[in-house]
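Visitor: Quick one, query_36.pdb (PDB, C-alpha atoms, pLDDT in the B column):
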```
MODEL        1
ATOM      1  CA  MET I 567      92.477  -2.811  63.106  1.00 47.00           C
ATOM      2  CA  ALA I 568      95.067  -5.081  64.758  1.00 49.00           C
ATOM      3  CA  ASP I 569      98.641  -3.919  65.206  1.00 50.00           C
ATOM      4  CA  PRO I 570     101.722  -6.192  64.972  1.00 52.00           C
ATOM      5  CA  ASP I 571     101.281  -7.217  68.627  1.00 49.00           C
ATOM      6  CA  GLY I 572      97.809  -8.501  67.869  1.00 52.00           C
ATOM      7  CA  LEU I 573      96.141  -5.754  69.888  1.00 48.00           C
ATOM      8  CA  HIS I 574      93.134  -4.005  68.453  1.00 46.00           C
ATOM      9  CA  ARG I 575      93.348  -0.222  68.403  1.00 45.00           C
ATOM     10  CA  VAL I 576      90.300   1.977  68.422  1.00 39.00           C
ATOM     11  CA  ALA I 577      90.462   5.588  67.360  1.00 42.00           C
ATOM     12  CA  VAL I 578      89.029   7.787  70.093  1.00 39.00           C
ATOM     13  CA  PRO I 579      87.933  11.260  69.025  1.00 44.00           C
ATOM     14  CA  LEU I 580      89.508  14.116  70.954  1.00 43.00           C
ATOM     15  CA  ALA I 581      87.374  16.109  73.322  1.00 45.00           C
ATOM     16  CA  PRO I 582      86.711  19.709  72.261  1.00 47.00           C
ATOM     17  CA  GLY I 583      89.633  21.929  73.179  1.00 47.00           C
ATOM     18  CA  VAL I 584      92.238  19.133  73.232  1.00 46.00           C
ATOM     19  CA  SER I 585      94.857  19.184  70.515  1.00 44.00           C
ATOM     20  CA  LYS I 586      96.755  16.220  69.127  1.00 48.00           C
ATOM     21  CA  SER I 587      99.977  17.642  70.547  1.00 48.00           C
ATOM     22  CA  GLY I 588      98.958  16.491  74.029  1.00 55.00           C
ATOM     23  CA  ASP I 589      98.019  19.894  75.419  1.00 61.00           C
ATOM     24  CA  ILE I 590      96.053  19.655  78.614  1.00 62.00           C
ATOM     25  CA  PRO I 591      92.735  21.492  78.436  1.00 68.00           C
ATOM     26  CA  SER I 592      92.322  24.354  80.860  1.00 81.00           C
ATOM     27  CA  ILE I 593      90.249  23.943  83.998  1.00 79.00           C
ATOM     28  CA  SER I 594      87.242  26.235  84.314  1.00 82.00           C
ATOM     29  CA  GLY I 595      86.038  27.799  87.554  1.00 81.00           C
ATOM     30  CA  PRO I 596      83.264  25.223  88.113  1.00 87.00           C
ATOM     31  CA  GLU I 597      85.700  22.380  87.404  1.00 88.00           C
ATOM     32  CA  ARG I 598      88.148  23.889  89.908  1.00 87.00           C
ATOM     33  CA  ASP I 599      85.343  24.089  92.458  1.00 89.00           C
ATOM     34  CA  LEU I 600      84.446  20.441  91.851  1.00 91.00           C
ATOM     35  CA  LEU I 601      88.069  19.319  92.235  1.00 89.00           C
ATOM     36  CA  CYS I 602      88.347  21.290  95.490  1.00 89.00           C
ATOM     37  CA  ALA I 603      85.083  19.858  96.822  1.00 92.00           C
ATOM     38  CA  LEU I 604      86.116  16.311  95.954  1.00 94.00           C
ATOM     39  CA  SER I 605      89.542  16.834  97.480  1.00 93.00           C
ATOM     40  CA  TYR I 606      87.937  18.167 100.654  1.00 92.00           C
ATOM     41  CA  VAL I 607      85.743  15.048 100.906  1.00 94.00           C
ATOM     42  CA  HIS I 608      88.784  12.796 100.413  1.00 94.00           C
ATOM     43  CA  LEU I 609      90.674  14.748 103.053  1.00 92.00           C
ATOM     44  CA  ALA I 610      87.779  14.524 105.513  1.00 93.00           C
ATOM     45  CA  CYS I 611      87.670  10.751 104.953  1.00 94.00           C
ATOM     46  CA  GLY I 612      91.371  10.364 105.727  1.00 92.00           C
ATOM     47  CA  GLN I 613      92.441   9.966 102.114  1.00 93.00           C
ATOM     48  CA  SER I 614      94.909  12.826 101.922  1.00 92.00           C
ATOM     49  CA  ALA I 615      96.874  11.269  99.042  1.00 93.00           C
ATOM     50  CA  HIS I 616      93.761  11.288  96.831  1.00 94.00           C
ATOM     51  CA  SER I 617      93.003  14.822  97.962  1.00 93.00           C
ATOM     52  CA  LEU I 618      96.511  15.953  97.102  1.00 94.00           C
ATOM     53  CA  ALA I 619      96.316  14.474  93.591  1.00 93.00           C
ATOM     54  CA  LEU I 620      93.113  16.399  92.861  1.00 91.00           C
ATOM     55  CA  LEU I 621      94.453  19.639  94.305  1.00 92.00           C
ATOM     56  CA  ARG I 622      97.640  19.442  92.272  1.00 92.00           C
ATOM     57  CA  ILE I 623      95.562  19.228  89.100  1.00 89.00           C
ATOM     58  CA  ALA I 624      93.616  22.342  90.063  1.00 89.00           C
ATOM     59  CA  ALA I 625      96.668  24.245  91.332  1.00 90.00           C
ATOM     60  CA  ARG I 626      98.450  23.891  88.001  1.00 87.00           C
ATOM     61  CA  GLU I 627      96.201  26.550  86.504  1.00 85.00           C
ATOM     62  CA  HIS I 628      94.828  28.307  89.558  1.00 85.00           C
ATOM     63  CA  SER I 629      98.087  28.991  91.371  1.00 86.00           C
ATOM     64  CA  ASN I 630      96.851  32.335  92.742  1.00 88.00           C
ATOM     65  CA  ASP I 631      93.615  30.988  94.228  1.00 89.00           C
ATOM     66  CA  VAL I 632      93.872  31.641  97.963  1.00 92.00           C
ATOM     67  CA  GLY I 633      91.173  29.124  98.944  1.00 90.00           C
ATOM     68  CA  LEU I 634      92.755  26.378  96.886  1.00 91.00           C
ATOM     69  CA  LEU I 635      96.202  27.139  98.300  1.00 94.00           C
ATOM     70  CA  ARG I 636      94.840  26.958 101.854  1.00 93.00           C
ATOM     71  CA  ILE I 637      93.419  23.480 101.265  1.00 93.00           C
ATOM     72  CA  LEU I 638      96.590  22.459  99.433  1.00 95.00           C
ATOM     73  CA  SER I 639      98.837  23.536 102.318  1.00 96.00           C
ATOM     74  CA  TYR I 640      96.689  21.638 104.827  1.00 94.00           C
ATOM     75  CA  THR I 641      96.723  18.534 102.615  1.00 95.00           C
ATOM     76  CA  LEU I 642     100.491  18.691 102.147  1.00 96.00           C
ATOM     77  CA  ILE I 643     100.876  18.829 105.919  1.00 96.00           C
ATOM     78  CA  ALA I 644      98.511  15.868 106.295  1.00 94.00           C
ATOM     79  CA  GLU I 645     100.753  13.954 103.876  1.00 95.00           C
ATOM     80  CA  GLY I 646     103.862  14.926 105.875  1.00 95.00           C
ATOM     81  CA  LEU I 647     105.281  17.071 103.058  1.00 96.00           C
ATOM     82  CA  GLY I 648     106.442  19.955 105.225  1.00 96.00           C
ATOM     83  CA  GLU I 649     108.905  21.606 102.847  1.00 97.00           C
ATOM     84  CA  GLU I 650     106.384  21.687 100.008  1.00 96.00           C
ATOM     85  CA  ALA I 651     103.734  23.017 102.397  1.00 97.00           C
ATOM     86  CA  LEU I 652     106.114  25.801 103.424  1.00 97.00           C
ATOM     87  CA  HIS I 653     106.461  26.883  99.781  1.00 96.00           C
ATOM     88  CA  VAL I 654     102.679  27.025  99.449  1.00 96.00           C
ATOM     89  CA  LEU I 655     102.393  28.952 102.731  1.00 96.00           C
ATOM     90  CA  ASP I 656     104.992  31.449 101.494  1.00 95.00           C
ATOM     91  CA  ARG I 657     102.872  31.955  98.381  1.00 94.00           C
ATOM     92  CA  LEU I 658      99.789  32.401 100.579  1.00 94.00           C
ATOM     93  CA  ASP I 659     101.588  35.023 102.671  1.00 92.00           C
ATOM     94  CA  ALA I 660     102.114  37.044  99.504  1.00 93.00           C
ATOM     95  CA  LEU I 661      98.541  36.610  98.222  1.00 93.00           C
ATOM     96  CA  ASP I 662      96.321  36.534 101.312  1.00 90.00           C
ATOM     97  CA  THR I 663      96.048  39.997 102.841  1.00 86.00           C
ATOM     98  CA  GLN I 664      93.102  39.196 105.122  1.00 88.00           C
ATOM     99  CA  PRO I 665      94.029  39.865 108.785  1.00 87.00           C
ATOM    100  CA  SER I 666      91.761  36.993 109.854  1.00 87.00           C
ATOM    101  CA  SER I 667      94.002  34.553 107.962  1.00 89.00           C
ATOM    102  CA  ARG I 668      97.114  35.333 109.960  1.00 91.00           C
ATOM    103  CA  ILE I 669      96.354  33.162 112.989  1.00 93.00           C
ATOM    104  CA  PRO I 670      95.364  29.948 111.150  1.00 94.00           C
ATOM    105  CA  MET I 671      98.247  30.346 108.678  1.00 95.00           C
ATOM    106  CA  THR I 672     100.665  30.697 111.597  1.00 95.00           C
ATOM    107  CA  LEU I 673      99.413  27.404 113.033  1.00 96.00           C
ATOM    108  CA  LEU I 674      99.743  25.700 109.627  1.00 96.00           C
ATOM    109  CA  ARG I 675     103.288  27.057 109.284  1.00 97.00           C
ATOM    110  CA  SER I 676     104.174  25.588 112.675  1.00 97.00           C
ATOM    111  CA  HIS I 677     102.907  22.167 111.577  1.00 97.00           C
ATOM    112  CA  ALA I 678     104.717  22.429 108.228  1.00 98.00           C
ATOM    113  CA  LEU I 679     107.987  23.283 109.972  1.00 98.00           C
ATOM    114  CA  ARG I 680     107.532  20.292 112.286  1.00 97.00           C
ATOM    115  CA  HIS I 681     107.001  17.975 109.320  1.00 97.00           C
ATOM    116  CA  ALA I 682     110.052  19.489 107.638  1.00 97.00           C
ATOM    117  CA  GLY I 683     112.096  18.517 110.690  1.00 97.00           C
ATOM    118  CA  ARG I 684     112.728  22.113 111.765  1.00 97.00           C
ATOM    119  CA  MET I 685     111.610  21.700 115.370  1.00 98.00           C
ATOM    120  CA  ALA I 686     113.140  24.848 116.898  1.00 97.00           C
ATOM    121  CA  GLU I 687     111.473  27.041 114.271  1.00 97.00           C
ATOM    122  CA  ALA I 688     108.224  25.101 114.660  1.00 97.00           C
ATOM    123  CA  ARG I 689     108.192  25.761 118.419  1.00 98.00           C
ATOM    124  CA  GLU I 690     108.923  29.447 117.890  1.00 98.00           C
ATOM    125  CA  VAL I 691     106.142  29.836 115.314  1.00 97.00           C
ATOM    126  CA  PHE I 692     103.753  27.890 117.539  1.00 97.00           C
ATOM    127  CA  GLN I 693     104.503  30.305 120.402  1.00 97.00           C
ATOM    128  CA  THR I 694     103.687  33.164 118.025  1.00 95.00           C
ATOM    129  CA  TYR I 695     100.397  31.411 117.225  1.00 95.00           C
ATOM    130  CA  VAL I 696      99.567  31.072 120.939  1.00 95.00           C
ATOM    131  CA  SER I 697     100.335  34.761 121.531  1.00 93.00           C
ATOM    132  CA  LEU I 698      98.216  35.862 118.560  1.00 91.00           C
ATOM    133  CA  ARG I 699      95.334  33.671 119.680  1.00 90.00           C
ATOM    134  CA  ALA I 700      95.522  34.953 123.246  1.00 87.00           C
ATOM    135  CA  SER I 701      95.574  38.596 122.127  1.00 83.00           C
ATOM    136  CA  THR I 702      92.563  37.973 119.872  1.00 76.00           C
ATOM    137  CA  ALA I 703      90.687  36.366 122.767  1.00 65.00           C
ATOM    138  CA  LEU I 704      91.368  39.427 124.942  1.00 59.00           C
ATOM    139  CA  ILE I 705      90.055  41.765 122.220  1.00 63.00           C
ATOM    140  CA  ARG I 706      86.847  39.732 121.922  1.00 62.00           C
ATOM    141  CA  LYS I 707      86.208  39.911 125.697  1.00 61.00           C
ATOM    142  CA  GLN I 708      86.429  43.724 125.704  1.00 58.00           C
TER     143      GLN I 708
ENDMDL
END
```
Represent the structure from my file as structure tokens, please.

Guide:
Amino acid sequence: MADPDGLHRVAVPLAPGVSKSGDIPSISGPERDLLCALSYVHLACGQSAHSLALLRIAAREHSNDVGLLRILSYTLIAEGLGEEALHVLDRLDALDTQPSSRIPMTLLRSHALRHAGRMAEAREVFQTYVSLRASTALIRKQ
């Protein structure tokens, strides 16, 4: 059927789970995994903007997923969005209780602070990272 502008409109049936009100269907675990994998490939190929778009879709519903938040923080830093990356890193600090995560998260925080223009804090956090890394290296040698 043609509308007043002369354009033909075709009725497209809604996918299962999508209402007419415009609700966005929820993302399942496998879909989240696919979005993360695709975003990782984009990031590895230097397409951090594409990666960020995919991760933001997944993060809308999986905001407590530590793995997703790690990739998201790295991608935000790659895009130069330091302040936003700092918010994600703060969330990670609250969620990620693994001691092995402390050193890499400290390095990411240093980069995020640098991109946020907070150079003195970035240097201080980077020195903390160097100290943590050195102390871990000494423990491994013993």

Visitor: Looking at I:Met685, I:Val696, I:Leu634, I:Leu647, which one is nearest to I:Pro670, with distances taken over all atoms listed in the file?

Guide: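 Answer, going by the shortest atom-to-atom distance: I:Val696.
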
Visitor: To box stretch 619-625 of chain I, take all atoms listed in the file, fit an axis-aligned box, add 5 Å on each side, and give centre and edge lengths in Å to one decimal, as JSON.

Guide:
```
{"center_x": 95.4, "center_y": 19.4, "center_z": 91.7, "size_x": 14.5, "size_y": 19.8, "size_z": 15.2}
```

Visitor: Find the residue from I:Leu661, I:Val654, I:Ala682, I:Ile637 that sits nearest to I:Leu609; use all atoms listed in the file when measuring.

Guide: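 Answer, going by the shortest atom-to-atom distance: I:Ile637.
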
Visitor: Figure out the distance between atom CA of I:Phe692 and atom CA of I:Ser666, please, to one decimal in Å.

Guide: 16.9 Å

Visitor: Which residues are near I:Gly595? Cut-off 10 Å, all atoms listed in the file, ignore same chain within fewer than 6 positions. Put them as a VMD selection string.

Guide: chain I and resid 601 624 628

Visitor: Of the candidates I:Arg675, I:Thr702, I:Leu618, I:Ser605, which shows the shortest atom-to-atom distance to I:Glu690, using all atoms listed in the file?

Guide: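 Of the candidates, the smallest distance to I:Glu690 is held by I:Arg675.
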
Visitor: Report, in Å to a single decimal, how far apart atom CA of I:Ala625 and atom CA of I:Thr663 are.

Guide: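 That distance, rounded to one decimal, is 19.5 Å.
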
Visitor: Could you please determine the separation between atom CA of I:Ile623 and atom CA of I:Gln664 in Å, to one decimal place?

Guide: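 Between atom CA of I:Ile623 and atom CA of I:Gln664 the gap works out to 25.7 Å.
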
Visitor: Expanded to explicit residues, what is the PyMOL selection byres ((chain I and resi 688) around 10) for this file, as number ranges by chain?

Guide: I: 672-687, 689-694

Visitor: Name the closest residue to I:Ser614 among the candidates I:Gly646, I:Gly633, I:Pro665, I:Pro596; distances are taken between atoms, counting only C-alpha atoms.

Guide: I:Gly646

Visitor: Pick from I:Glu649, I:Ile593, I:Arg699, I:Leu621: nearest to I:Arg668, with only C-alpha atoms counted?

Guide: I:Arg699
